[in-house]
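*Asks:* Next comes the structure file protein-v6.csv, holding CSV, C-alpha atoms.
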```
chain,number,residue,atom,x,y,z
T,112,MET,CA,6.5,1.3,-13.6
T,113,PRO,CA,9.0,3.7,-11.8
T,114,ILE,CA,7.3,6.7,-10.3
T,115,GLY,CA,9.2,9.3,-12.3
T,116,GLN,CA,8.4,7.5,-15.6
T,117,LEU,CA,4.7,7.1,-14.7
T,118,ALA,CA,4.5,10.9,-13.8
T,119,HIS,CA,6.0,11.7,-17.2
T,120,VAL,CA,3.5,9.4,-19.1
T,121,LEU,CA,0.5,10.9,-17.3
T,122,ARG,CA,1.5,14.6,-17.4
T,123,ASP,CA,-0.7,15.5,-20.4
T,124,ILE,CA,-3.4,12.8,-20.1
T,125,VAL,CA,-5.0,13.3,-16.7
T,126,THR,CA,-8.2,15.3,-17.0
T,127,THR,CA,-10.2,17.1,-14.3
T,128,ASP,CA,-13.8,16.7,-13.3
T,129,THR,CA,-15.6,18.3,-10.4
T,130,ARG,CA,-17.0,14.9,-9.4
T,131,VAL,CA,-13.5,13.5,-8.9
T,132,LEU,CA,-12.4,14.1,-5.3
T,133,VAL,CA,-9.2,12.1,-5.5
T,134,GLY,CA,-7.6,11.5,-8.9
T,135,PRO,CA,-4.3,10.2,-10.4
T,136,GLU,CA,-2.5,13.5,-10.2
T,137,THR,CA,-1.6,13.0,-6.5
T,138,PHE,CA,-0.6,9.3,-6.9
T,139,ASP,CA,-3.2,8.2,-4.4
T,140,ASP,CA,-3.8,4.5,-3.9
T,141,ALA,CA,-7.4,4.7,-5.4
T,142,GLY,CA,-9.7,7.2,-7.1
T,143,ILE,CA,-12.7,8.7,-5.3
T,144,VAL,CA,-15.8,10.0,-7.0
T,145,ALA,CA,-18.6,11.9,-5.2
T,146,LEU,CA,-22.0,10.3,-5.6
T,147,ALA,CA,-24.1,13.3,-4.5
T,148,GLY,CA,-26.9,13.8,-7.0
T,149,VAL,CA,-26.2,10.6,-8.9
T,150,GLY,CA,-29.4,8.7,-9.8
T,151,ASP,CA,-31.7,8.8,-6.8
T,152,LEU,CA,-29.1,9.9,-4.3
T,153,PRO,CA,-29.7,13.3,-2.7
T,154,GLY,CA,-27.6,16.2,-3.7
T,155,ASP,CA,-26.1,16.5,-0.2
T,156,SER,CA,-25.1,12.8,0.1
T,157,ARG,CA,-21.7,12.3,1.6
T,158,THR,CA,-21.3,8.8,0.2
T,159,CYS,CA,-18.4,8.5,-2.2
T,160,LEU,CA,-17.2,5.7,-4.5
T,161,VAL,CA,-13.7,4.4,-4.2
T,162,GLN,CA,-12.2,2.5,-7.1
T,163,THR,CA,-8.8,0.7,-7.6
T,164,VAL,CA,-7.2,-2.1,-9.6
T,165,ASP,CA,-4.1,-4.1,-8.9
T,166,TYR,CA,-2.6,-7.4,-10.2
T,167,PHE,CA,0.8,-8.9,-10.4
T,168,PRO,CA,2.7,-12.2,-11.2
T,169,PRO,CA,3.5,-14.7,-8.4
T,170,VAL,CA,5.4,-13.4,-5.4
T,171,VAL,CA,5.5,-16.7,-3.6
T,172,ASP,CA,5.5,-20.3,-5.0
T,173,ASP,CA,2.5,-21.4,-3.0
T,174,PRO,CA,-0.6,-20.9,-5.2
T,175,TYR,CA,-3.1,-20.3,-2.4
T,176,TRP,CA,-1.0,-17.7,-0.7
T,177,TYR,CA,-0.2,-16.1,-4.0
T,178,GLY,CA,-4.0,-15.6,-4.6
T,179,ALA,CA,-4.5,-14.4,-1.0
T,180,ILE,CA,-1.7,-11.9,-1.2
T,181,ALA,CA,-2.8,-10.5,-4.5
T,182,ALA,CA,-6.3,-10.0,-3.1
T,183,ALA,CA,-5.1,-8.3,0.1
T,184,ASN,CA,-2.9,-6.1,-1.9
T,185,SER,CA,-5.8,-5.0,-4.1
T,186,LEU,CA,-8.2,-4.4,-1.2
T,187,SER,CA,-5.6,-2.4,0.7
T,188,ASP,CA,-5.9,0.6,-1.6
T,189,VAL,CA,-9.5,1.1,-0.5
T,190,TYR,CA,-8.5,0.9,3.2
T,191,ALA,CA,-5.7,3.4,2.6
T,192,LEU,CA,-8.2,6.0,1.6
T,193,GLY,CA,-10.4,5.4,4.7
T,194,GLY,CA,-13.0,3.3,2.8
T,195,ARG,CA,-14.4,-0.2,3.0
T,196,PRO,CA,-14.5,-2.6,0.1
T,197,PHE,CA,-17.9,-3.4,-1.4
T,198,THR,CA,-17.4,-5.4,-4.6
T,199,ALA,CA,-14.5,-6.9,-6.5
T,200,LEU,CA,-13.9,-8.0,-10.1
T,201,ASN,CA,-11.2,-10.6,-10.6
T,202,ILE,CA,-8.5,-10.1,-13.2
T,203,ALA,CA,-6.4,-13.2,-14.1
T,204,GLY,CA,-3.9,-14.3,-16.7
T,205,ILE,CA,-3.3,-18.1,-16.6
T,206,PRO,CA,-0.7,-19.9,-18.8
T,207,LYS,CA,-2.2,-22.4,-21.2
T,208,ASP,CA,-0.4,-25.4,-19.7
T,209,PHE,CA,-0.8,-24.3,-16.0
T,210,ASP,CA,-1.7,-27.0,-13.5
T,211,PRO,CA,-5.5,-26.8,-13.1
T,212,GLU,CA,-5.2,-27.5,-9.4
T,213,TRP,CA,-2.8,-24.7,-9.0
T,214,THR,CA,-5.2,-22.4,-10.8
T,215,ARG,CA,-8.0,-23.4,-8.5
T,216,GLU,CA,-5.8,-22.7,-5.4
T,217,ILE,CA,-4.9,-19.3,-6.7
T,218,PHE,CA,-8.6,-18.4,-7.1
T,219,ARG,CA,-9.5,-20.0,-3.8
T,220,GLY,CA,-6.9,-17.9,-1.9
T,221,GLY,CA,-8.0,-14.7,-3.6
T,222,PHE,CA,-11.8,-15.2,-3.3
T,223,GLU,CA,-11.5,-16.3,0.4
T,224,THR,CA,-9.5,-13.2,1.2
T,225,VAL,CA,-12.0,-10.9,-0.5
T,226,ALA,CA,-14.8,-12.6,1.5
T,227,LYS,CA,-12.9,-11.9,4.7
T,228,SER,CA,-13.0,-8.2,3.8
T,229,GLY,CA,-16.8,-8.3,3.5
T,230,ALA,CA,-16.7,-7.5,-0.2
T,231,ILE,CA,-18.4,-9.6,-2.8
T,232,VAL,CA,-16.7,-11.0,-6.0
T,233,VAL,CA,-19.3,-10.2,-8.7
T,234,GLY,CA,-17.3,-11.3,-11.8
T,235,GLY,CA,-14.1,-10.8,-13.6
T,236,HIS,CA,-12.0,-11.5,-16.7
T,237,THR,CA,-9.6,-14.3,-17.4
T,238,VAL,CA,-7.2,-14.7,-20.3
T,239,GLN,CA,-4.4,-17.0,-21.3
T,240,SER,CA,-1.0,-15.5,-20.7
T,241,ALA,CA,2.7,-16.4,-20.9
T,242,GLU,CA,3.0,-15.8,-17.1
T,243,ALA,CA,0.4,-16.0,-14.4
T,244,HIS,CA,-1.1,-12.7,-13.3
T,245,PHE,CA,-3.8,-12.3,-10.6
T,246,GLY,CA,-5.6,-9.5,-8.9
T,247,PHE,CA,-8.8,-7.5,-8.5
T,248,ALA,CA,-10.5,-4.3,-9.4
T,249,VAL,CA,-12.1,-3.3,-6.2
T,250,THR,CA,-15.0,-0.8,-5.6
T,251,GLY,CA,-15.4,0.6,-2.1
T,252,ILE,CA,-17.5,3.1,-0.2
T,253,VAL,CA,-16.2,6.0,1.9
T,254,SER,CA,-17.9,9.0,3.6
T,255,LYS,CA,-16.7,12.3,2.3
T,256,GLY,CA,-15.5,13.3,5.8
T,257,ARG,CA,-13.3,10.2,6.2
T,258,ILE,CA,-11.2,10.4,3.1
T,259,ALA,CA,-7.5,10.1,4.1
T,260,ALA,CA,-5.9,11.2,0.8
T,261,ASN,CA,-2.2,11.9,0.1
T,262,SER,CA,-2.9,15.6,0.1
T,263,GLY,CA,-4.2,15.8,3.7
T,264,ALA,CA,-1.0,15.6,5.8
T,265,LYS,CA,-0.3,18.7,8.0
T,266,HIS,CA,2.6,20.1,9.8
T,267,GLY,CA,2.7,18.6,13.3
T,268,ASP,CA,1.0,15.3,12.4
T,269,ALA,CA,2.5,12.1,13.9
T,270,LEU,CA,3.4,9.2,11.5
T,271,TYR,CA,2.5,5.6,12.2
T,272,LEU,CA,3.4,2.4,10.2
T,273,THR,CA,1.3,-0.7,10.7
T,274,LYS,CA,3.4,-3.5,9.2
T,275,PRO,CA,7.1,-4.3,9.2
T,276,LEU,CA,9.2,-3.6,6.1
T,277,GLY,CA,11.1,-6.1,4.1
T,278,MET,CA,8.7,-8.0,1.8
T,279,GLY,CA,10.6,-7.2,-1.3
T,280,THR,CA,13.8,-8.6,0.3
T,281,MET,CA,12.0,-11.7,1.6
T,282,THR,CA,10.5,-12.6,-1.7
T,283,THR,CA,13.7,-11.9,-3.6
T,284,ALA,CA,15.7,-14.1,-1.2
T,285,ALA,CA,13.2,-16.9,-1.7
T,286,LYS,CA,13.4,-16.6,-5.5
T,287,LYS,CA,17.1,-16.9,-5.3
T,288,ARG,CA,16.9,-19.9,-3.0
T,289,ARG,CA,18.6,-18.1,-0.1
T,290,ILE,CA,15.6,-19.0,2.1
T,291,GLY,CA,12.9,-21.6,1.9
T,292,TRP,CA,9.2,-21.8,2.6
T,293,ARG,CA,9.7,-22.2,6.3
T,294,GLU,CA,11.3,-18.7,6.5
T,295,LEU,CA,9.0,-17.2,3.8
T,296,GLU,CA,5.6,-18.5,5.1
T,297,PRO,CA,5.4,-15.9,8.0
T,298,ALA,CA,6.1,-13.2,5.4
T,299,ALA,CA,3.4,-14.6,3.2
T,300,ARG,CA,0.9,-14.5,6.1
T,301,GLN,CA,1.8,-10.9,6.7
T,302,MET,CA,1.3,-10.0,3.1
T,303,ALA,CA,-2.1,-11.7,3.1
T,304,LYS,CA,-3.2,-9.9,6.2
T,305,LEU,CA,-5.9,-7.3,5.5
T,306,ASN,CA,-5.4,-3.7,6.6
T,307,ASP,CA,-9.0,-3.5,7.6
T,308,LEU,CA,-8.5,-3.2,11.4
T,309,ALA,CA,-5.7,-0.6,11.0
T,310,ALA,CA,-8.1,1.4,8.7
T,311,GLU,CA,-10.8,1.2,11.4
T,312,ALA,CA,-8.5,2.6,14.0
T,313,MET,CA,-7.3,5.3,11.6
T,314,ASN,CA,-10.9,6.4,10.9
T,315,LEU,CA,-11.8,6.6,14.5
T,316,ALA,CA,-8.7,8.7,15.2
T,317,GLY,CA,-9.5,11.1,12.4
T,318,ALA,CA,-6.3,10.7,10.3
T,319,HIS,CA,-5.4,13.5,7.9
T,320,ALA,CA,-3.7,11.3,5.3
T,321,CYS,CA,-2.7,7.7,4.6
T,322,THR,CA,-1.1,5.4,2.0
T,323,ASP,CA,-0.3,1.8,1.9
T,324,ILE,CA,3.3,0.8,1.4
T,325,THR,CA,3.5,-1.2,-1.8
T,326,GLY,CA,5.4,-1.0,-5.1
T,327,PHE,CA,7.0,2.5,-4.6
T,328,GLY,CA,8.4,1.4,-1.2
T,329,LEU,CA,8.3,3.5,2.0
T,330,ALA,CA,10.4,6.3,0.5
T,331,GLY,CA,8.3,6.5,-2.7
T,332,HIS,CA,4.9,6.4,-1.0
T,333,GLY,CA,6.1,8.8,1.6
T,334,ARG,CA,7.2,11.1,-1.2
T,335,ASN,CA,3.6,11.0,-2.7
T,336,ILE,CA,2.1,12.2,0.6
T,337,ALA,CA,4.7,14.9,1.1
T,338,LYS,CA,4.4,16.2,-2.4
T,339,ALA,CA,0.6,16.2,-2.5
T,340,SER,CA,0.5,17.9,0.9
T,341,GLY,CA,3.3,20.4,0.5
T,342,VAL,CA,5.2,19.1,3.6
T,343,THR,CA,8.2,17.0,4.6
T,344,LEU,CA,7.9,13.6,6.3
T,345,ARG,CA,10.7,13.2,8.9
T,346,ILE,CA,11.1,9.5,9.7
T,347,GLU,CA,13.3,8.1,12.4
T,348,SER,CA,15.1,5.2,10.9
T,349,ALA,CA,15.7,3.5,14.3
T,350,LEU,CA,11.9,3.4,14.9
T,351,LEU,CA,11.1,1.6,11.6
T,352,PRO,CA,9.7,-1.9,12.2
T,353,LEU,CA,11.6,-4.6,10.2
T,354,PHE,CA,10.5,-8.1,9.5
T,355,PRO,CA,12.6,-10.6,11.4
T,356,GLY,CA,15.9,-11.5,9.6
T,357,VAL,CA,15.3,-9.1,6.8
T,358,LEU,CA,18.2,-6.7,7.7
T,359,GLU,CA,20.7,-9.5,7.4
T,360,LEU,CA,19.3,-10.5,4.0
T,361,ALA,CA,19.5,-7.0,2.8
T,362,ARG,CA,23.1,-6.8,3.9
T,363,GLU,CA,23.7,-9.9,1.7
T,364,GLY,CA,22.3,-8.0,-1.2
T,365,PHE,CA,18.8,-9.6,-1.5
T,366,CYS,CA,16.8,-6.4,-2.0
T,367,SER,CA,14.7,-6.4,-5.2
T,368,GLY,CA,15.9,-4.6,-8.3
T,369,GLY,CA,13.4,-1.8,-7.6
T,370,SER,CA,15.3,-0.7,-4.5
T,371,GLY,CA,18.3,0.7,-6.5
T,372,ARG,CA,16.1,2.2,-9.2
T,373,SER,CA,13.9,3.9,-6.6
T,374,GLN,CA,16.9,5.3,-4.8
T,375,SER,CA,18.3,6.8,-8.0
T,376,ALA,CA,14.9,8.3,-9.0
T,377,LEU,CA,14.3,9.8,-5.6
T,378,ALA,CA,17.9,10.9,-4.8
T,379,GLU,CA,17.1,14.7,-5.0
T,380,VAL,CA,13.9,14.6,-2.9
T,381,VAL,CA,14.7,12.1,-0.2
T,382,GLY,CA,17.3,13.0,2.4
T,383,LEU,CA,19.4,10.4,4.2
T,384,ALA,CA,21.3,11.2,7.5
T,385,GLU,CA,25.0,10.4,7.5
T,386,GLY,CA,25.9,7.0,8.9
T,387,LEU,CA,22.7,5.2,8.1
T,388,ASP,CA,23.1,1.5,7.6
T,389,SER,CA,23.2,1.0,3.8
T,390,ALA,CA,21.1,-2.2,4.2
T,391,LEU,CA,18.4,-0.2,6.0
T,392,VAL,CA,18.6,2.4,3.3
T,393,SER,CA,18.0,-0.3,0.7
T,394,LEU,CA,14.9,-1.5,2.6
T,395,VAL,CA,13.2,1.9,2.8
T,396,PHE,CA,13.5,2.3,-1.0
T,397,ASP,CA,12.6,-1.4,-1.7
T,398,ALA,CA,9.2,-2.3,-3.1
T,399,GLU,CA,6.8,-3.9,-0.7
T,400,THR,CA,3.9,-6.2,-1.5
T,401,SER,CA,0.7,-5.7,0.5
T,402,GLY,CA,2.5,-3.6,3.1
T,403,GLY,CA,1.1,-1.7,6.0
T,404,LEU,CA,-0.6,1.7,6.3
T,405,LEU,CA,1.5,4.9,6.7
T,406,ILE,CA,-0.8,7.1,8.7
T,407,ALA,CA,-0.5,10.8,9.3
T,408,VAL,CA,-2.7,11.7,12.3
T,409,PRO,CA,-3.0,15.0,14.3
T,410,ALA,CA,-0.6,14.8,17.2
T,411,GLU,CA,-3.4,15.6,19.7
T,412,ARG,CA,-5.2,12.5,18.4
T,413,ALA,CA,-2.2,10.1,18.3
T,414,ALA,CA,-3.2,8.6,21.6
T,415,ILE,CA,-6.6,7.7,20.2
T,416,LEU,CA,-5.0,6.0,17.2
T,417,GLU,CA,-2.7,4.1,19.5
T,418,ARG,CA,-5.5,3.0,21.7
T,419,GLU,CA,-7.7,1.9,18.8
T,420,LEU,CA,-4.8,0.0,17.1
T,421,ALA,CA,-4.0,-1.8,20.4
T,422,ALA,CA,-7.7,-2.6,21.0
T,423,ARG,CA,-7.7,-4.5,17.6
T,424,GLY,CA,-4.4,-6.3,18.2
T,425,GLU,CA,-2.6,-4.1,15.7
T,426,PRO,CA,1.0,-3.1,16.3
T,427,VAL,CA,1.5,0.5,17.5
T,428,ARG,CA,4.6,1.9,15.8
T,429,ARG,CA,5.2,5.6,15.7
T,430,VAL,CA,7.9,6.3,13.2
T,431,GLY,CA,8.2,10.0,12.7
T,432,GLU,CA,6.4,13.3,12.1
T,433,VAL,CA,5.2,15.7,9.5
T,434,VAL,CA,7.1,19.0,9.4
T,435,ALA,CA,7.0,22.1,7.3
T,436,SER,CA,8.6,21.6,3.9
T,437,THR,CA,12.4,21.6,4.0
T,438,GLY,CA,12.9,21.3,0.3
T,439,ARG,CA,12.9,17.5,0.4
T,440,PHE,CA,9.8,15.3,0.6
T,441,VAL,CA,11.1,12.7,3.0
T,442,GLU,CA,14.0,12.8,5.4
T,443,PHE,CA,15.4,9.7,7.1
T,444,SER,CA,17.2,10.5,10.3
```
Could you render the structure from this file as structure tokens?

*Replies:*
Amino acid sequence: MPIGQLAHVLRDIVTTDTRVLVGPETFDDAGIVALAGVGDLPGDSRTCLVQTVDYFPPVVDDPYWYGAIAAANSLSDVYALGGRPFTALNIAGIPKDFDPEWTREIFRGGFETVAKSGAIVVGGHTVQSAEAHFGFAVTGIVSKGRIAANSGAKHGDALYLTKPLGMGTMTTAAKKRRIGWRELEPAARQMAKLNDLAAEAMNLAGAHACTDITGFGLAGHGRNIAKASGVTLRIESALLPLFPGVLELAREGFCSGGSGRSQSALAEVVGLAEGLDSALVSLVFDAETSGGLLIAVPAERAAILERELAARGEPVRRVGEVVASTGRFVEFS
């Protein structure tokens, strides 16, 4: 659902509760609830519960990789808040006449990816559906002092992005038979890659805010951080990591339909410098699947983040900074 439409739907529904530390009003990737005083937990416990759910139809034709990508995408929301996954409930819709072996491979890809995260699949719910859908409801744990919510970004923070952009364009090009599996497989592997190591580095560096880049695209998720924090994200377009070959595909018009809708919805709050490549503009608005983390870290701790990312074999890509509000939420220079 487009971000503006979702905000309109939720405007009179969201309720407040003092136990909720991160709720839907800031469009964070997951909800966080304090556990202090719950059951036998002490009243000063800093342990918090992270909860999220995500599922979607196939983004690639290979059933194993579809399941793996759906799982990584669901788990990513916990990592984006600074937490670690603990348990997962599977959600699946399988067509009546679907090949049983394909169904098995979807589940295998998803369950193996959850296992890689250290979380445990404890159940789920499966229904028959007209189209395949697959994903997980994930519960995680986070210490109160490590929550990296959308609302935490501060003027002067440095911005880092941990995966290249372009997954919406790659999957769209594959659906339209512009590219084959040989070209798409590296993108599938990127989408199935967990954000666990990047989250570890972020936590050690003391990040102020974080989001994973998924359905709202870089511009949309950046907007969520900026709006919740009362700041502007200034992103240098030339520094953005792009998946190999994706810019050429974007120039051929293979961005997903969400790119144009997002650009229209965010036109008044996202600034674009004159002369930017229109294909690159399409990419920053395009939906991503299981994208990287956009991390806002204090400038004086940026070197720590870079060191910890590099130590884990994660790319180090500084893409911009957080500045005082300019009247727009995101500015691409």

*Asks:* Using all atoms listed in the file, which residues sit within 7 Å of range 218-221 of chain T once same-chain residues fewer than 2 positions away are excluded, as a ChimeraX atom specification?

*Replies:* /T:175-176,178-179,181-182,214-216,223-225

*Asks:* For the interface of range 300-340 of chain T with range 275-285 of chain T (cut-off 12 Å, counting only C-alpha atoms), please tabulate each contacting residue of range 300-340 of chain T alongside its nearest pair of atoms and their separation in Å to one decimal, rows sorted by chain and increasing number, as JSON lines.

*Replies:*
```
{"residue": "T:Arg300", "atom": "CA", "partner": "T:Met278", "partner_atom": "CA", "distance": 11.0}
{"residue": "T:Gln301", "atom": "CA", "partner": "T:Pro275", "partner_atom": "CA", "distance": 8.8}
{"residue": "T:Met302", "atom": "CA", "partner": "T:Met278", "partner_atom": "CA", "distance": 7.8}
{"residue": "T:Ala303", "atom": "CA", "partner": "T:Met278", "partner_atom": "CA", "distance": 11.5}
{"residue": "T:Asp323", "atom": "CA", "partner": "T:Leu276", "partner_atom": "CA", "distance": 11.7}
{"residue": "T:Ile324", "atom": "CA", "partner": "T:Leu276", "partner_atom": "CA", "distance": 8.7}
{"residue": "T:Thr325", "atom": "CA", "partner": "T:Met278", "partner_atom": "CA", "distance": 9.3}
{"residue": "T:Gly326", "atom": "CA", "partner": "T:Gly279", "partner_atom": "CA", "distance": 8.9}
{"residue": "T:Phe327", "atom": "CA", "partner": "T:Gly279", "partner_atom": "CA", "distance": 10.9}
{"residue": "T:Gly328", "atom": "CA", "partner": "T:Gly279", "partner_atom": "CA", "distance": 8.9}
{"residue": "T:Leu329", "atom": "CA", "partner": "T:Leu276", "partner_atom": "CA", "distance": 8.2}
{"residue": "T:Ala330", "atom": "CA", "partner": "T:Leu276", "partner_atom": "CA", "distance": 11.4}
```

*Asks:* Could you name the residues that touch range 142-146 of chain T at 8 Å or less, counting only C-alpha atoms, but leaving out those on the same chain fewer than 6 positions away, as a PyMOL selection string?

*Replies:* chain T and resi 130-135+152+156-163+255

*Asks:* What does the distance from CA of Val149 in chain T to CA of Ile231 in chain T come to in Å, to one decimal?

*Replies:*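 Between these atoms lies a distance of 22.5 Å.
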
*Asks:* Taking all atoms listed in the file into account, which of T:Lys304, T:Lys338, T:Lys265, T:His236 comes nearest Glu136 in chain T?

*Replies:*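 Smallest distance to Glu136 in chain T is found for T:Lys338.
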
*Asks:* Write out as a tab-separated table the residues of range 130-215 of chain T that have any atom within 12 Å of an atom of range 340-362 of chain T, one row each with the nearest atom pair and its distance in Å to one decimal, counting all atoms listed in the file, sorted by chain and then rising number.

*Replies:*
```
residue	atom	partner	partner_atom	distance
T:Thr137	CA	T:Ser340	CA	9.1
T:Phe138	CA	T:Ser340	CA	11.7
T:Asp139	CA	T:Ser340	CA	11.7
```

*Asks:* So how far away is CA of Thr273 in chain T from CA of Ser185 in chain T, in Å?

*Replies:*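 For CA of Ser185 in chain T relative to CA of Thr273 in chain T, the distance reads 17.0 Å.
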
*Asks:* Which residues are close to Ala203 in chain T, i.e. within 7 Å by all atoms listed in the file, leaving aside same-chain residues fewer than 2 positions away? Reply as a list of chain:residue names.

*Replies:*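 In the requested format, the answer is T:Asn201, T:Ile205, T:His236, T:Thr237, T:Val238, T:His244, T:Phe245, T:Gly246.
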
*Asks:* Once you have the residues from the selection above, write them out as a PDB file, keeping the file's coordinate frame, restricted to C-alpha atoms.

*Replies:*
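See out-v1.pdb below for the written result:
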```pdb
ATOM      1  CA  ASN T 201     -11.200 -10.600 -10.600  1.00  0.00           C
ATOM      2  CA  ILE T 205      -3.300 -18.100 -16.600  1.00  0.00           C
ATOM      3  CA  HIS T 236     -12.000 -11.500 -16.700  1.00  0.00           C
ATOM      4  CA  THR T 237      -9.600 -14.300 -17.400  1.00  0.00           C
ATOM      5  CA  VAL T 238      -7.200 -14.700 -20.300  1.00  0.00           C
ATOM      6  CA  HIS T 244      -1.100 -12.700 -13.300  1.00  0.00           C
ATOM      7  CA  PHE T 245      -3.800 -12.300 -10.600  1.00  0.00           C
ATOM      8  CA  GLY T 246      -5.600  -9.500  -8.900  1.00  0.00           C
TER       9      GLY T 246
END
```

*Asks:* Residues within 12 Å of Gly371 in chain T, please, as a ChimeraX atom specification. Count all atoms listed in the file; anything in the same chain fewer than 3 positions from it doesn't count.

*Replies:* /T:113,327-328,330,364-368,374-378,389-390,392-398

*Asks:* I'd like to know which of T:Ile202, T:Leu404, T:Ala141, T:Ala421 is closest to Ser240 in chain T, using only C-alpha atoms.

*Replies:* T:Ile202

*Asks:* Please report the interatomic distance between CA of Leu272 in chain T and CA of Ala183 in chain T in Å with one decimal.

*Replies:*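 Spanning CA of Leu272 in chain T to CA of Ala183 in chain T is a straight-line distance of 17.0 Å.
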
*Asks:* For Gly251 in chain T, which residue out of T:Gly229, T:Gly369, T:Gly438, T:Pro426 is the nearest one, using only C-alpha atoms?

*Replies:*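 Looking only at the distances to Gly251 in chain T, the closest residue turns out to be T:Gly229.
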
*Asks:* Is it possible to produce a file of range 264-316 of chain T from this structure, with C-alpha atoms, as a PDB file, in the first residue's frame?

*Replies:*
```
ATOM      1  CA  ALA T 264      18.312  10.623  13.811  1.00  0.00           C
ATOM      2  CA  LYS T 265      20.110  13.838  14.787  1.00  0.00           C
ATOM      3  CA  HIS T 266      21.631  16.787  12.980  1.00  0.00           C
ATOM      4  CA  GLY T 267      25.243  15.909  12.128  1.00  0.00           C
ATOM      5  CA  ASP T 268      24.762  12.149  11.858  1.00  0.00           C
ATOM      6  CA  ALA T 269      26.470  10.337   8.997  1.00  0.00           C
ATOM      7  CA  LEU T 270      24.379   8.083   6.735  1.00  0.00           C
ATOM      8  CA  TYR T 271      25.455   4.625   5.563  1.00  0.00           C
ATOM      9  CA  LEU T 272      23.749   2.150   3.210  1.00  0.00           C
ATOM     10  CA  THR T 273      24.712  -1.513   3.415  1.00  0.00           C
ATOM     11  CA  LYS T 274      23.347  -3.055   0.183  1.00  0.00           C
ATOM     12  CA  PRO T 275      23.248  -1.814  -3.420  1.00  0.00           C
ATOM     13  CA  LEU T 276      19.967  -0.476  -4.802  1.00  0.00           C
ATOM     14  CA  GLY T 277      18.087  -1.943  -7.731  1.00  0.00           C
ATOM     15  CA  MET T 278      16.188  -5.052  -6.662  1.00  0.00           C
ATOM     16  CA  GLY T 279      12.850  -3.743  -7.921  1.00  0.00           C
ATOM     17  CA  THR T 280      14.363  -3.121 -11.325  1.00  0.00           C
ATOM     18  CA  MET T 281      16.130  -6.499 -11.440  1.00  0.00           C
ATOM     19  CA  THR T 282      12.994  -8.473 -10.600  1.00  0.00           C
ATOM     20  CA  THR T 283      10.869  -6.401 -12.992  1.00  0.00           C
ATOM     21  CA  ALA T 284      13.350  -6.974 -15.818  1.00  0.00           C
ATOM     22  CA  ALA T 285      13.272 -10.704 -15.088  1.00  0.00           C
ATOM     23  CA  LYS T 286       9.465 -10.845 -15.102  1.00  0.00           C
ATOM     24  CA  LYS T 287       9.446  -9.118 -18.479  1.00  0.00           C
ATOM     25  CA  ARG T 288      12.076 -11.549 -19.790  1.00  0.00           C
ATOM     26  CA  ARG T 289      14.661  -8.836 -20.351  1.00  0.00           C
ATOM     27  CA  ILE T 290      17.150 -10.780 -18.235  1.00  0.00           C
ATOM     28  CA  GLY T 291      17.383 -14.460 -17.319  1.00  0.00           C
ATOM     29  CA  TRP T 292      18.260 -16.393 -14.204  1.00  0.00           C
ATOM     30  CA  ARG T 293      21.993 -16.036 -14.820  1.00  0.00           C
ATOM     31  CA  GLU T 294      21.690 -12.270 -14.424  1.00  0.00           C
ATOM     32  CA  LEU T 295      19.064 -12.447 -11.670  1.00  0.00           C
ATOM     33  CA  GLU T 296      20.693 -15.074  -9.435  1.00  0.00           C
ATOM     34  CA  PRO T 297      23.294 -12.677  -7.954  1.00  0.00           C
ATOM     35  CA  ALA T 298      20.439 -10.314  -7.085  1.00  0.00           C
ATOM     36  CA  ALA T 299      18.503 -13.197  -5.516  1.00  0.00           C
ATOM     37  CA  ARG T 300      21.531 -13.998  -3.363  1.00  0.00           C
ATOM     38  CA  GLN T 301      21.758 -10.369  -2.276  1.00  0.00           C
ATOM     39  CA  MET T 302      18.063 -10.300  -1.343  1.00  0.00           C
ATOM     40  CA  ALA T 303      18.444 -13.532   0.640  1.00  0.00           C
ATOM     41  CA  LYS T 304      21.449 -12.185   2.549  1.00  0.00           C
ATOM     42  CA  LEU T 305      20.676 -11.389   6.176  1.00  0.00           C
ATOM     43  CA  ASN T 306      21.305  -7.937   7.634  1.00  0.00           C
ATOM     44  CA  ASP T 307      22.594  -9.526  10.847  1.00  0.00           C
ATOM     45  CA  LEU T 308      26.257  -8.546  10.498  1.00  0.00           C
ATOM     46  CA  ALA T 309      25.423  -4.978   9.497  1.00  0.00           C
ATOM     47  CA  ALA T 310      23.133  -4.758  12.534  1.00  0.00           C
ATOM     48  CA  GLU T 311      25.924  -6.016  14.812  1.00  0.00           C
ATOM     49  CA  ALA T 312      28.233  -3.298  13.501  1.00  0.00           C
ATOM     50  CA  MET T 313      25.516  -0.681  13.893  1.00  0.00           C
ATOM     51  CA  ASN T 314      24.900  -1.668  17.509  1.00  0.00           C
ATOM     52  CA  LEU T 315      28.583  -1.533  18.393  1.00  0.00           C
ATOM     53  CA  ALA T 316      28.851   1.920  16.844  1.00  0.00           C
TER      54      ALA T 316
END
```
